[in-house]
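Colleague: model.cif (mmCIF, C-alpha atoms) pasted underneath:
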```cif
data_coords
#
loop_
_atom_site.group_PDB
_atom_site.id
_atom_site.type_symbol
_atom_site.label_atom_id
_atom_site.label_comp_id
_atom_site.auth_asym_id
_atom_site.auth_seq_id
_atom_site.Cartn_x
_atom_site.Cartn_y
_atom_site.Cartn_z
ATOM 1 C CA MET X 1 -105.179 77.462 47.522
ATOM 2 C CA PRO X 2 -101.508 78.020 46.556
ATOM 3 C CA ALA X 3 -99.345 74.971 45.979
ATOM 4 C CA SER X 4 -96.931 74.098 48.693
ATOM 5 C CA PRO X 5 -93.255 75.006 48.033
ATOM 6 C CA ALA X 6 -92.317 71.338 47.975
ATOM 7 C CA GLU X 7 -94.790 70.615 45.141
ATOM 8 C CA THR X 8 -93.738 73.668 43.135
ATOM 9 C CA SER X 9 -90.075 72.850 43.424
ATOM 10 C CA LEU X 10 -90.714 69.281 42.368
ATOM 11 C CA VAL X 11 -92.686 70.336 39.289
ATOM 12 C CA PHE X 12 -90.208 72.961 38.200
ATOM 13 C CA PHE X 13 -87.242 70.739 38.910
ATOM 14 C CA SER X 14 -88.638 68.122 36.533
ATOM 15 C CA PHE X 15 -89.491 70.619 33.789
ATOM 16 C CA SER X 16 -86.184 72.348 34.061
ATOM 17 C CA VAL X 17 -84.302 69.074 33.758
ATOM 18 C CA VAL X 18 -86.317 68.115 30.686
ATOM 19 C CA ALA X 19 -85.973 71.574 29.173
ATOM 20 C CA LEU X 20 -82.230 71.793 29.711
ATOM 21 C CA TYR X 21 -80.956 68.264 29.221
ATOM 22 C CA GLY X 22 -83.625 66.644 27.047
ATOM 23 C CA PRO X 23 -82.806 68.445 23.777
ATOM 24 C CA ALA X 24 -79.101 68.084 24.417
ATOM 25 C CA VAL X 25 -79.403 64.330 24.920
ATOM 26 C CA LEU X 26 -81.645 63.940 21.874
ATOM 27 C CA LEU X 27 -79.296 66.006 19.732
ATOM 28 C CA THR X 28 -76.284 63.973 20.851
ATOM 29 C CA LEU X 29 -78.075 60.709 20.074
ATOM 30 C CA ALA X 30 -79.230 61.941 16.670
ATOM 31 C CA ALA X 31 -75.744 63.185 15.779
ATOM 32 C CA GLY X 32 -74.182 59.919 16.958
ATOM 33 C CA ALA X 33 -76.612 57.828 14.907
ATOM 34 C CA PHE X 34 -76.078 60.013 11.867
ATOM 35 C CA PHE X 35 -72.289 59.866 11.982
ATOM 36 C CA LEU X 36 -72.257 56.179 12.837
ATOM 37 C CA ARG X 37 -74.519 55.341 9.919
ATOM 38 C CA ARG X 38 -72.536 57.537 7.604
ATOM 39 C CA ARG X 39 -69.212 56.067 8.729
ATOM 40 C CA THR X 40 -70.323 52.466 8.390
ATOM 41 C CA ARG X 41 -72.494 52.664 5.286
ATOM 42 C CA LEU X 42 -69.853 50.988 3.133
ATOM 43 C CA GLU X 43 -69.093 48.479 5.835
ATOM 44 C CA ARG X 44 -72.743 47.581 6.210
ATOM 45 C CA ARG X 45 -73.032 46.997 2.466
ATOM 46 C CA GLN X 46 -69.926 44.802 2.536
ATOM 47 C CA GLU X 47 -71.354 42.848 5.459
ATOM 48 C CA LYS X 48 -74.610 42.306 3.573
ATOM 49 C CA HIS X 49 -72.670 41.141 0.543
ATOM 50 C CA ARG X 50 -70.692 38.686 2.701
ATOM 51 C CA ARG X 51 -73.936 37.282 4.107
ATOM 52 C CA ILE X 52 -75.372 36.831 0.606
ATOM 53 C CA ARG X 53 -72.204 35.026 -0.522
ATOM 54 C CA GLU X 54 -72.348 32.748 2.507
ATOM 55 C CA ALA X 55 -76.012 31.990 1.848
ATOM 56 C CA ILE X 56 -75.220 31.044 -1.767
ATOM 57 C CA ALA X 57 -72.439 28.702 -0.628
ATOM 58 C CA ARG X 58 -74.620 27.212 2.130
ATOM 59 C CA ARG X 59 -77.525 26.539 -0.216
ATOM 60 C CA ALA X 60 -75.235 24.822 -2.714
ATOM 61 C CA LEU X 61 -73.627 22.763 0.043
ATOM 62 C CA ASP X 62 -77.052 21.693 1.322
ATOM 63 C CA LYS X 63 -78.071 20.691 -2.173
ATOM 64 C CA ARG X 64 -74.929 18.578 -2.623
ATOM 65 C CA ARG X 65 -75.483 16.994 0.795
ATOM 66 C CA ARG X 66 -79.051 16.100 -0.154
ATOM 67 C CA MET X 67 -77.843 14.596 -3.440
ATOM 68 C CA ALA X 68 -75.256 12.478 -1.638
ATOM 69 C CA LEU X 69 -77.807 11.427 0.961
ATOM 70 C CA LYS X 70 -80.253 10.355 -1.733
ATOM 71 C CA THR X 71 -77.621 8.202 -3.434
ATOM 72 C CA GLN X 72 -76.495 6.696 -0.135
ATOM 73 C CA ARG X 73 -80.082 6.006 0.913
ATOM 74 C CA GLN X 74 -80.735 4.116 -2.309
ATOM 75 C CA ASN X 75 -77.609 2.085 -1.665
ATOM 76 C CA ILE X 76 -78.378 1.316 1.961
ATOM 77 C CA ARG X 77 -81.993 0.427 1.093
ATOM 78 C CA GLU X 78 -80.642 -2.298 -1.174
ATOM 79 C CA LEU X 79 -78.591 -3.659 1.695
ATOM 80 C CA ALA X 80 -81.575 -3.353 4.032
ATOM 81 C CA ARG X 81 -83.653 -5.453 1.629
ATOM 82 C CA LEU X 82 -80.999 -8.169 1.747
ATOM 83 C CA VAL X 83 -80.732 -8.030 5.521
ATOM 84 C CA ARG X 84 -84.529 -8.137 5.898
ATOM 85 C CA ALA X 85 -84.596 -11.268 3.753
ATOM 86 C CA GLN X 86 -81.915 -12.808 5.964
ATOM 87 C CA LEU X 87 -83.907 -11.804 9.018
ATOM 88 C CA GLU X 88 -87.046 -13.479 7.711
ATOM 89 C CA GLU X 89 -85.023 -16.600 6.978
ATOM 90 C CA GLN X 90 -83.752 -16.690 10.542
ATOM 91 C CA LYS X 91 -87.049 -15.641 12.097
ATOM 92 C CA LEU X 92 -87.982 -19.031 13.489
ATOM 93 C CA ARG X 93 -84.526 -19.573 14.926
ATOM 94 C CA MET X 94 -84.493 -16.460 17.064
ATOM 95 C CA LYS X 95 -86.418 -15.096 19.988
ATOM 96 C CA PRO X 96 -89.374 -12.909 18.937
ATOM 97 C CA TYR X 97 -88.137 -9.768 20.698
ATOM 98 C CA LEU X 98 -84.811 -10.086 18.889
ATOM 99 C CA HIS X 99 -86.599 -10.222 15.573
ATOM 100 C CA GLN X 100 -88.472 -7.078 16.452
ATOM 101 C CA ARG X 101 -85.341 -5.409 17.669
ATOM 102 C CA ALA X 102 -83.438 -6.324 14.523
ATOM 103 C CA SER X 103 -86.276 -4.947 12.377
ATOM 104 C CA ALA X 104 -86.196 -1.680 14.260
ATOM 105 C CA PHE X 105 -82.422 -1.594 13.959
ATOM 106 C CA ILE X 106 -82.628 -1.994 10.176
ATOM 107 C CA GLU X 107 -85.117 0.892 9.946
ATOM 108 C CA ARG X 108 -82.894 3.067 12.100
ATOM 109 C CA ALA X 109 -79.827 2.222 10.049
ATOM 110 C CA VAL X 110 -81.613 3.198 6.834
ATOM 111 C CA THR X 111 -82.845 6.459 8.322
ATOM 112 C CA GLY X 112 -79.458 7.405 9.757
ATOM 113 C CA VAL X 113 -77.468 5.925 6.820
ATOM 114 C CA ASP X 114 -75.500 3.768 9.257
ATOM 115 C CA PHE X 115 -74.087 1.489 6.593
ATOM 116 C CA ASP X 116 -71.266 -0.026 8.626
ATOM 117 C CA ARG X 117 -73.527 -1.347 11.394
ATOM 118 C CA LEU X 118 -76.051 -2.703 8.916
ATOM 119 C CA TYR X 119 -73.263 -4.382 7.004
ATOM 120 C CA ALA X 120 -72.050 -5.890 10.289
ATOM 121 C CA LEU X 121 -75.554 -7.306 10.897
ATOM 122 C CA HIS X 122 -75.569 -8.724 7.400
ATOM 123 C CA ALA X 123 -72.170 -10.339 8.035
ATOM 124 C CA LEU X 124 -73.484 -11.749 11.319
ATOM 125 C CA PHE X 125 -76.489 -13.343 9.614
ATOM 126 C CA SER X 126 -74.249 -14.707 6.854
ATOM 127 C CA GLN X 127 -71.816 -16.268 9.287
ATOM 128 C CA THR X 128 -74.287 -17.621 11.836
ATOM 129 C CA HIS X 129 -75.980 -20.700 10.449
ATOM 130 C CA ASP X 130 -76.295 -22.642 13.652
ATOM 131 C CA GLU X 131 -79.801 -22.371 15.076
ATOM 132 C CA GLN X 132 -78.619 -22.186 18.675
ATOM 133 C CA HIS X 133 -76.158 -19.404 18.029
ATOM 134 C CA VAL X 134 -78.386 -16.884 16.276
ATOM 135 C CA SER X 135 -80.012 -15.387 19.360
ATOM 136 C CA PRO X 136 -76.827 -15.125 21.490
ATOM 137 C CA ALA X 137 -74.936 -13.638 18.543
ATOM 138 C CA LEU X 138 -77.676 -11.059 18.009
ATOM 139 C CA GLU X 139 -77.765 -10.250 21.713
ATOM 140 C CA THR X 140 -74.022 -9.679 21.706
ATOM 141 C CA PHE X 141 -74.395 -7.529 18.597
ATOM 142 C CA PHE X 142 -77.010 -5.300 20.214
ATOM 143 C CA ALA X 143 -75.063 -5.190 23.483
ATOM 144 C CA GLU X 144 -72.108 -3.811 21.525
ATOM 145 C CA GLU X 145 -74.394 -1.282 19.967
ATOM 146 C CA ARG X 146 -75.393 -0.028 23.379
ATOM 147 C CA MET K 147 -92.493 89.747 39.872
ATOM 148 C CA SER K 148 -93.853 86.164 39.971
ATOM 149 C CA LEU K 149 -91.709 83.103 39.311
ATOM 150 C CA PRO K 150 -93.258 82.109 35.923
ATOM 151 C CA GLU K 151 -92.739 85.632 34.642
ATOM 152 C CA ASN K 152 -89.088 85.452 35.636
ATOM 153 C CA ILE K 153 -88.665 82.154 33.827
ATOM 154 C CA GLY K 154 -90.410 83.524 30.737
ATOM 155 C CA LYS K 155 -88.108 86.516 30.665
ATOM 156 C CA PHE K 156 -85.096 84.345 31.166
ATOM 157 C CA VAL K 157 -86.087 82.040 28.323
ATOM 158 C CA SER K 158 -86.789 84.873 25.886
ATOM 159 C CA LYS K 159 -83.509 86.504 26.818
ATOM 160 C CA LEU K 160 -81.697 83.232 26.312
ATOM 161 C CA CYS K 161 -83.333 82.714 22.930
ATOM 162 C CA TYR K 162 -82.422 86.197 21.843
ATOM 163 C CA THR K 163 -78.816 85.774 22.950
ATOM 164 C CA ILE K 164 -78.494 82.430 21.193
ATOM 165 C CA LYS K 165 -79.991 83.831 17.981
ATOM 166 C CA THR K 166 -77.692 86.860 18.035
ATOM 167 C CA GLU K 167 -74.631 84.767 18.760
ATOM 168 C CA ALA K 168 -75.552 82.322 16.022
ATOM 169 C CA ALA K 169 -76.085 85.097 13.495
ATOM 170 C CA VAL K 170 -72.749 86.688 14.369
ATOM 171 C CA TRP K 171 -70.981 83.341 14.223
ATOM 172 C CA GLN K 172 -72.576 82.511 10.889
ATOM 173 C CA LYS K 173 -71.627 85.867 9.419
ATOM 174 C CA THR K 174 -68.019 85.453 10.552
ATOM 175 C CA HIS K 175 -67.698 81.872 9.312
ATOM 176 C CA GLN K 176 -69.809 82.087 6.168
ATOM 177 C CA PRO K 177 -66.920 81.279 3.758
ATOM 178 C CA ASP K 178 -65.950 78.277 5.855
ATOM 179 C CA ILE K 179 -69.561 77.077 5.995
ATOM 180 C CA ASP K 180 -69.884 77.387 2.224
ATOM 181 C CA ARG K 181 -66.647 75.524 1.703
ATOM 182 C CA LEU K 182 -67.718 72.769 4.077
ATOM 183 C CA ARG K 183 -71.113 72.511 2.404
ATOM 184 C CA GLU K 184 -69.435 72.144 -0.958
ATOM 185 C CA GLU K 185 -67.027 69.562 0.394
ATOM 186 C CA ARG K 186 -69.919 67.644 1.849
ATOM 187 C CA LEU K 187 -71.714 67.634 -1.482
ATOM 188 C CA VAL K 188 -68.581 66.372 -3.218
ATOM 189 C CA ALA K 189 -68.071 63.719 -0.547
ATOM 190 C CA ASP K 190 -71.710 62.628 -0.862
ATOM 191 C CA LYS K 191 -71.310 62.329 -4.610
ATOM 192 C CA GLU K 192 -68.112 60.344 -4.220
ATOM 193 C CA LEU K 193 -69.754 58.066 -1.682
ATOM 194 C CA ARG K 194 -72.702 57.467 -3.962
ATOM 195 C CA GLN K 195 -70.360 56.666 -6.841
ATOM 196 C CA ARG K 196 -68.373 54.285 -4.676
ATOM 197 C CA LEU K 197 -71.536 52.583 -3.528
ATOM 198 C CA GLU K 198 -72.757 52.219 -7.097
ATOM 199 C CA LEU K 199 -69.431 50.714 -8.182
ATOM 200 C CA MET K 200 -69.444 48.456 -5.173
ATOM 201 C CA GLU K 201 -72.981 47.343 -5.957
ATOM 202 C CA ILE K 202 -71.993 46.436 -9.514
ATOM 203 C CA ARG K 203 -68.927 44.550 -8.263
ATOM 204 C CA PHE K 204 -70.971 42.693 -5.651
ATOM 205 C CA GLN K 205 -73.613 41.707 -8.166
ATOM 206 C CA GLU K 206 -70.920 40.361 -10.459
ATOM 207 C CA GLU K 207 -69.306 38.473 -7.589
ATOM 208 C CA CYS K 208 -72.634 36.955 -6.562
ATOM 209 C CA LYS K 209 -73.352 35.927 -10.126
ATOM 210 C CA ARG K 210 -69.902 34.342 -10.415
ATOM 211 C CA ALA K 211 -70.306 32.600 -7.037
ATOM 212 C CA ARG K 212 -73.702 31.201 -8.078
ATOM 213 C CA MET K 213 -72.277 29.920 -11.357
ATOM 214 C CA GLU K 214 -69.285 28.402 -9.590
ATOM 215 C CA GLU K 215 -71.504 26.644 -7.046
ATOM 216 C CA GLU K 216 -73.788 25.364 -9.796
ATOM 217 C CA ARG K 217 -70.764 24.041 -11.660
ATOM 218 C CA GLN K 218 -69.485 22.346 -8.511
ATOM 219 C CA THR K 219 -72.897 20.820 -7.810
ATOM 220 C CA GLU K 220 -73.036 19.551 -11.377
ATOM 221 C CA HIS K 221 -69.590 17.959 -11.000
ATOM 222 C CA PHE K 222 -70.614 16.465 -7.687
ATOM 223 C CA GLY K 223 -73.700 14.969 -9.314
ATOM 224 C CA GLU K 224 -71.529 13.533 -12.100
ATOM 225 C CA PHE K 225 -69.254 11.920 -9.518
ATOM 226 C CA LEU K 226 -72.230 10.427 -7.710
ATOM 227 C CA ALA K 227 -73.542 9.084 -11.006
ATOM 228 C CA SER K 228 -70.126 7.600 -11.756
ATOM 229 C CA ILE K 229 -70.190 5.819 -8.380
ATOM 230 C CA ASP K 230 -73.621 4.343 -9.208
ATOM 231 C CA GLU K 231 -72.337 3.318 -12.611
ATOM 232 C CA MET K 232 -69.263 1.734 -11.042
ATOM 233 C CA LYS K 233 -71.485 -0.377 -8.788
ATOM 234 C CA ALA K 234 -73.599 -1.513 -11.730
ATOM 235 C CA ASN K 235 -70.459 -2.384 -13.723
ATOM 236 C CA MET K 236 -69.034 -4.377 -10.842
ATOM 237 C CA LEU K 237 -72.211 -6.370 -10.434
ATOM 238 C CA GLU K 238 -72.283 -6.965 -14.155
ATOM 239 C CA TYR K 239 -68.641 -7.952 -14.620
ATOM 240 C CA TYR K 240 -68.193 -9.909 -11.425
ATOM 241 C CA GLY K 241 -71.085 -12.269 -11.862
ATOM 242 C CA THR K 242 -70.473 -14.182 -8.648
ATOM 243 C CA MET K 243 -69.624 -11.229 -6.456
ATOM 244 C CA PRO K 244 -71.970 -10.923 -3.452
ATOM 245 C CA ARG K 245 -74.140 -7.833 -3.803
ATOM 246 C CA PRO K 246 -73.319 -6.478 -0.301
ATOM 247 C CA ILE K 247 -69.658 -6.116 -1.272
ATOM 248 C CA ALA K 248 -70.605 -3.940 -4.222
ATOM 249 C CA LEU K 249 -72.861 -1.936 -1.903
ATOM 250 C CA MET K 250 -70.020 -1.582 0.585
ATOM 251 C CA ILE K 251 -67.639 -0.310 -2.112
ATOM 252 C CA HIS K 252 -70.316 2.125 -3.264
ATOM 253 C CA HIS K 253 -70.827 3.388 0.295
ATOM 254 C CA HIS K 254 -67.112 3.791 0.829
ATOM 255 C CA ALA K 255 -66.717 5.754 -2.406
ATOM 256 C CA ALA K 256 -69.699 8.000 -1.565
ATOM 257 C CA GLU K 257 -68.318 8.719 1.904
ATOM 258 C CA LEU K 258 -64.914 9.580 0.460
ATOM 259 C CA LEU K 259 -66.518 11.856 -2.108
ATOM 260 C CA LYS K 260 -68.479 13.651 0.592
ATOM 261 C CA GLU K 261 -65.371 14.159 2.696
ATOM 262 C CA ALA K 262 -63.384 15.274 -0.356
ATOM 263 C CA TRP K 263 -65.930 17.986 -1.107
ATOM 264 C CA HIS K 264 -67.272 19.055 2.234
ATOM 265 C CA SER K 265 -64.408 18.753 4.683
ATOM 266 C CA PRO K 266 -63.747 22.170 6.278
ATOM 267 C CA ASP K 267 -59.983 21.589 6.401
ATOM 268 C CA ALA K 268 -58.316 22.248 3.034
ATOM 269 C CA ARG K 269 -55.465 19.805 3.624
ATOM 270 C CA GLU K 270 -57.825 17.009 4.623
ATOM 271 C CA ARG K 271 -59.971 17.810 1.612
ATOM 272 C CA LEU K 272 -56.963 17.440 -0.663
ATOM 273 C CA GLN K 273 -55.996 14.132 0.974
ATOM 274 C CA LYS K 274 -59.502 12.773 0.559
ATOM 275 C CA GLN K 275 -59.648 13.952 -3.038
ATOM 276 C CA THR K 276 -56.431 12.069 -3.749
ATOM 277 C CA ARG K 277 -57.787 8.994 -1.976
ATOM 278 C CA PHE K 278 -61.057 9.158 -3.867
ATOM 279 C CA THR K 279 -59.217 9.448 -7.193
ATOM 280 C CA ASN K 280 -57.014 6.499 -6.233
ATOM 281 C CA LEU K 281 -60.053 4.426 -5.289
ATOM 282 C CA MET K 282 -61.749 5.125 -8.594
ATOM 283 C CA LEU K 283 -58.499 4.324 -10.434
ATOM 284 C CA THR K 284 -58.172 1.040 -8.523
ATOM 285 C CA ILE K 285 -61.759 0.115 -9.423
ATOM 286 C CA THR K 286 -61.087 0.932 -13.082
ATOM 287 C CA GLU K 287 -57.888 -1.128 -12.924
ATOM 288 C CA ASP K 288 -59.787 -4.102 -11.489
ATOM 289 C CA LEU K 289 -62.442 -3.836 -14.161
ATOM 290 C CA SER K 290 -59.935 -3.407 -16.998
ATOM 291 C CA ASP K 291 -57.967 -6.439 -15.719
ATOM 292 C CA LEU K 292 -61.163 -8.417 -15.998
ATOM 293 C CA THR K 293 -62.078 -7.191 -19.469
ATOM 294 C CA ALA K 294 -58.490 -7.558 -20.749
ATOM 295 C CA GLY K 295 -58.976 -11.301 -20.588
ATOM 296 C CA GLY K 296 -56.707 -12.021 -17.639
ATOM 297 C CA ALA K 297 -57.414 -14.657 -15.021
ATOM 298 C CA GLN K 298 -61.079 -14.574 -13.981
ATOM 299 C CA LYS K 299 -61.503 -13.308 -10.447
ATOM 300 C CA ALA K 300 -64.541 -13.608 -8.262
ATOM 301 C CA LEU K 301 -63.944 -10.308 -6.477
ATOM 302 C CA PRO K 302 -62.327 -6.925 -7.191
ATOM 303 C CA GLU K 303 -59.368 -7.797 -5.011
ATOM 304 C CA LYS K 304 -57.366 -4.622 -5.469
ATOM 305 C CA THR K 305 -60.363 -2.463 -4.584
ATOM 306 C CA ILE K 306 -61.138 -4.493 -1.480
ATOM 307 C CA ALA K 307 -57.488 -4.346 -0.429
ATOM 308 C CA PHE K 308 -57.526 -0.581 -0.974
ATOM 309 C CA ILE K 309 -60.580 -0.169 1.255
ATOM 310 C CA GLN K 310 -59.264 -2.519 3.945
ATOM 311 C CA ASN K 311 -55.999 -0.632 3.995
ATOM 312 C CA LYS K 312 -57.953 2.428 5.019
ATOM 313 C CA LEU K 313 -59.769 0.572 7.729
ATOM 314 C CA GLU K 314 -56.633 -0.761 9.369
#
```
Please re-express this file's structure in structure tokens.
Modeller:
Amino acid sequence: MPASPAETSLVFFSFSVVALYGPAVLLTLAAGAFFLRRRTRLERRQEKHRRIREAIARRALDKRRRMALKTQRQNIRELARLVRAQLEEQKLRMKPYLHQRASAFIERAVTGVDFDRLYALHALFSQTHDEQHVSPALETFFAEER
Amino acid sequence: MSLPENIGKFVSKLCYTIKTEAAVWQKTHQPDIDRLREERLVADKELRQRLELMEIRFQEECKRARMEEERQTEHFGEFLASIDEMKANMLEYYGTMPRPIALMIHHHAAELLKEAWHSPDARERLQKQTRFTNLMLTITEDLSDLTAGGAQKALPEKTIAFIQNKLE
């Protein structure tokens, strides 16, 4: 049974489009890619070189940052030891949750190298000797932190 | 004649025409094609040479950059060590000085050093470098005052004043 004209025209329309335009499109794409690659070969090498240079600088910067962090951590750990000792001294004079909160604060300060706040806590413990004032002073301190 | 036969004839005719035209065109433009081919070979050679030279230059630059960064890291490490040493000296020379003050001076110096080396703004970097140098000079001055046999002080007053001046 012969194919209907509609089917034939559809089939041949598709093949003719592929046969006529397909190679032309492929050739254009291939030529474009070839010329683009050729034109930018030097540029691509320069770009790669720039990336390598940046990576070298970044690695060195990271290393220096780590070195500084290590030194600062050692320093702040010394302060944390002092503050922990002060905290233990004041333990009985303060509310239990404040003791816990202060301990957590010290740990956080060491992790984040927040020297100024830890130093402020140390100054607070040094200045507050009165038993009744320790807890309110600490509460104010943590309220400021918030 | 059926439709496929027509298409077949058309295609073969088209191929023949294209081949003939191409042959004629090639024959006419043969000298130009040869010249272009030669030029392309020369250009390829030049490009390869340029790339080779560029590669050598880049390798040298990378090597220099690595050495420079290593040198900078070494200097940075020396500065950090000098800050540690300064803290130890302070605690040694100022016998009654509270330890947290020495730790605070150390922290301040380390922060300044970090800013002096890692700040993205060149002007700010220069300012911080100057400030760091001045801080270290002030600390040295305080320590040399103490060792020179002057009046005994409990604290490195000039250094503390220097740091407080920044805070204000």
Colleague: Would you list which chain K residues are within 10 Å of chain X using all atoms listed in the file, as an MDAnalysis selection string?
Modeller: chainID K and resid 150 190 193 196:197 200:201 204:205 207:209 211:212 214:216 218:223 225:227 229:230 233 245:250 252:254 256:257 259:260 263:264
Colleague: Could you write those residues out with C-alpha atoms, as a PDB file, keeping the file's coordinate frame?
Modeller:
```pdb
ATOM      1  CA  PRO K 150     -93.258  82.109  35.923  1.00  0.00           C
ATOM      2  CA  ASP K 190     -71.710  62.628  -0.862  1.00  0.00           C
ATOM      3  CA  LEU K 193     -69.754  58.066  -1.682  1.00  0.00           C
ATOM      4  CA  ARG K 196     -68.373  54.285  -4.676  1.00  0.00           C
ATOM      5  CA  LEU K 197     -71.536  52.583  -3.528  1.00  0.00           C
ATOM      6  CA  MET K 200     -69.444  48.456  -5.173  1.00  0.00           C
ATOM      7  CA  GLU K 201     -72.981  47.343  -5.957  1.00  0.00           C
ATOM      8  CA  PHE K 204     -70.971  42.693  -5.651  1.00  0.00           C
ATOM      9  CA  GLN K 205     -73.613  41.707  -8.166  1.00  0.00           C
ATOM     10  CA  GLU K 207     -69.306  38.473  -7.589  1.00  0.00           C
ATOM     11  CA  CYS K 208     -72.634  36.955  -6.562  1.00  0.00           C
ATOM     12  CA  LYS K 209     -73.352  35.927 -10.126  1.00  0.00           C
ATOM     13  CA  ALA K 211     -70.306  32.600  -7.037  1.00  0.00           C
ATOM     14  CA  ARG K 212     -73.702  31.201  -8.078  1.00  0.00           C
ATOM     15  CA  GLU K 214     -69.285  28.402  -9.590  1.00  0.00           C
ATOM     16  CA  GLU K 215     -71.504  26.644  -7.046  1.00  0.00           C
ATOM     17  CA  GLU K 216     -73.788  25.364  -9.796  1.00  0.00           C
ATOM     18  CA  GLN K 218     -69.485  22.346  -8.511  1.00  0.00           C
ATOM     19  CA  THR K 219     -72.897  20.820  -7.810  1.00  0.00           C
ATOM     20  CA  GLU K 220     -73.036  19.551 -11.377  1.00  0.00           C
ATOM     21  CA  HIS K 221     -69.590  17.959 -11.000  1.00  0.00           C
ATOM     22  CA  PHE K 222     -70.614  16.465  -7.687  1.00  0.00           C
ATOM     23  CA  GLY K 223     -73.700  14.969  -9.314  1.00  0.00           C
ATOM     24  CA  PHE K 225     -69.254  11.920  -9.518  1.00  0.00           C
ATOM     25  CA  LEU K 226     -72.230  10.427  -7.710  1.00  0.00           C
ATOM     26  CA  ALA K 227     -73.542   9.084 -11.006  1.00  0.00           C
ATOM     27  CA  ILE K 229     -70.190   5.819  -8.380  1.00  0.00           C
ATOM     28  CA  ASP K 230     -73.621   4.343  -9.208  1.00  0.00           C
ATOM     29  CA  LYS K 233     -71.485  -0.377  -8.788  1.00  0.00           C
ATOM     30  CA  ARG K 245     -74.140  -7.833  -3.803  1.00  0.00           C
ATOM     31  CA  PRO K 246     -73.319  -6.478  -0.301  1.00  0.00           C
ATOM     32  CA  ILE K 247     -69.658  -6.116  -1.272  1.00  0.00           C
ATOM     33  CA  ALA K 248     -70.605  -3.940  -4.222  1.00  0.00           C
ATOM     34  CA  LEU K 249     -72.861  -1.936  -1.903  1.00  0.00           C
ATOM     35  CA  MET K 250     -70.020  -1.582   0.585  1.00  0.00           C
ATOM     36  CA  HIS K 252     -70.316   2.125  -3.264  1.00  0.00           C
ATOM     37  CA  HIS K 253     -70.827   3.388   0.295  1.00  0.00           C
ATOM     38  CA  HIS K 254     -67.112   3.791   0.829  1.00  0.00           C
ATOM     39  CA  ALA K 256     -69.699   8.000  -1.565  1.00  0.00           C
ATOM     40  CA  GLU K 257     -68.318   8.719   1.904  1.00  0.00           C
ATOM     41  CA  LEU K 259     -66.518  11.856  -2.108  1.00  0.00           C
ATOM     42  CA  LYS K 260     -68.479  13.651   0.592  1.00  0.00           C
ATOM     43  CA  TRP K 263     -65.930  17.986  -1.107  1.00  0.00           C
ATOM     44  CA  HIS K 264     -67.272  19.055   2.234  1.00  0.00           C
TER      45      HIS K 264
END
```
Colleague: What's around Phe308 in chain K at 8 Å? Count all atoms listed in the file, leave out sequence neighbours fewer than 3 positions away in its own chain, and write the answer as a list in words.
Modeller: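 Once the nearby chain positions are removed, what remains is Leu281, Thr284, Lys304, Thr305, Asn311 and Lys312 of chain K.
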Colleague: For the residues selected in the previous step, produce a file with C-alpha atoms as an mmCIF file, in the frame of the given file.
Modeller:
```
data_model
loop_
_atom_site.group_PDB
_atom_site.id
_atom_site.type_symbol
_atom_site.label_atom_id
_atom_site.label_comp_id
_atom_site.auth_asym_id
_atom_site.auth_seq_id
_atom_site.Cartn_x
_atom_site.Cartn_y
_atom_site.Cartn_z
ATOM 1 C CA LEU K 281 -60.053 4.426 -5.289
ATOM 2 C CA THR K 284 -58.172 1.040 -8.523
ATOM 3 C CA LYS K 304 -57.366 -4.622 -5.469
ATOM 4 C CA THR K 305 -60.363 -2.463 -4.584
ATOM 5 C CA ASN K 311 -55.999 -0.632 3.995
ATOM 6 C CA LYS K 312 -57.953 2.428 5.019
#
```
Colleague: So that I can see what lies close to range 92-104 of chain X, please list as an MDAnalysis selection string the residues with an atom at most 8 Å from it, counting all atoms listed in the file and leaving out residues fewer than 2 positions away in the same chain.
Modeller: chainID X and resid 84 87 89:90 106:108 131:132 134:135 138:139
Colleague: Limited to C-alpha atoms, could you put the picked residues into a file as an mmCIF file, in the frame of the given file?
Modeller:
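Output below, filename result.cif:
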```cif
data_model
loop_
_atom_site.group_PDB
_atom_site.id
_atom_site.type_symbol
_atom_site.label_atom_id
_atom_site.label_comp_id
_atom_site.auth_asym_id
_atom_site.auth_seq_id
_atom_site.Cartn_x
_atom_site.Cartn_y
_atom_site.Cartn_z
ATOM 1 C CA ARG X 84 -84.529 -8.137 5.898
ATOM 2 C CA LEU X 87 -83.907 -11.804 9.018
ATOM 3 C CA GLU X 89 -85.023 -16.600 6.978
ATOM 4 C CA GLN X 90 -83.752 -16.690 10.542
ATOM 5 C CA ILE X 106 -82.628 -1.994 10.176
ATOM 6 C CA GLU X 107 -85.117 0.892 9.946
ATOM 7 C CA ARG X 108 -82.894 3.067 12.100
ATOM 8 C CA GLU X 131 -79.801 -22.371 15.076
ATOM 9 C CA GLN X 132 -78.619 -22.186 18.675
ATOM 10 C CA VAL X 134 -78.386 -16.884 16.276
ATOM 11 C CA SER X 135 -80.012 -15.387 19.360
ATOM 12 C CA LEU X 138 -77.676 -11.059 18.009
ATOM 13 C CA GLU X 139 -77.765 -10.250 21.713
#
```
Colleague: Record the distance separating CA of Leu20 in chain X and CA of Tyr162 in chain K, expressed in Å with one decimal.
Modeller: 16.4 Å
Colleague: What does the distance from CA of Lys299 in chain K to CA of Gly241 in chain K come to in Å, to one decimal?
Modeller: 9.7 Å
Colleague: Assuming 3 Å of padding per side, give the centre and edge lengths of the axis-aligned box around every listed atom of range 57-70 of chain X, in Å to one decimal and as JSON.
Modeller:
```
{"center_x": -76.3, "center_y": 19.5, "center_z": -0.7, "size_x": 13.8, "size_y": 24.3, "size_z": 11.6}
```
Colleague: Work out how far apart CA of Ala169 in chain K and CA of Ala31 in chain X are and give it in Å to one decimal.
Modeller: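 Distance reported for this atom pair: 22.0 Å.
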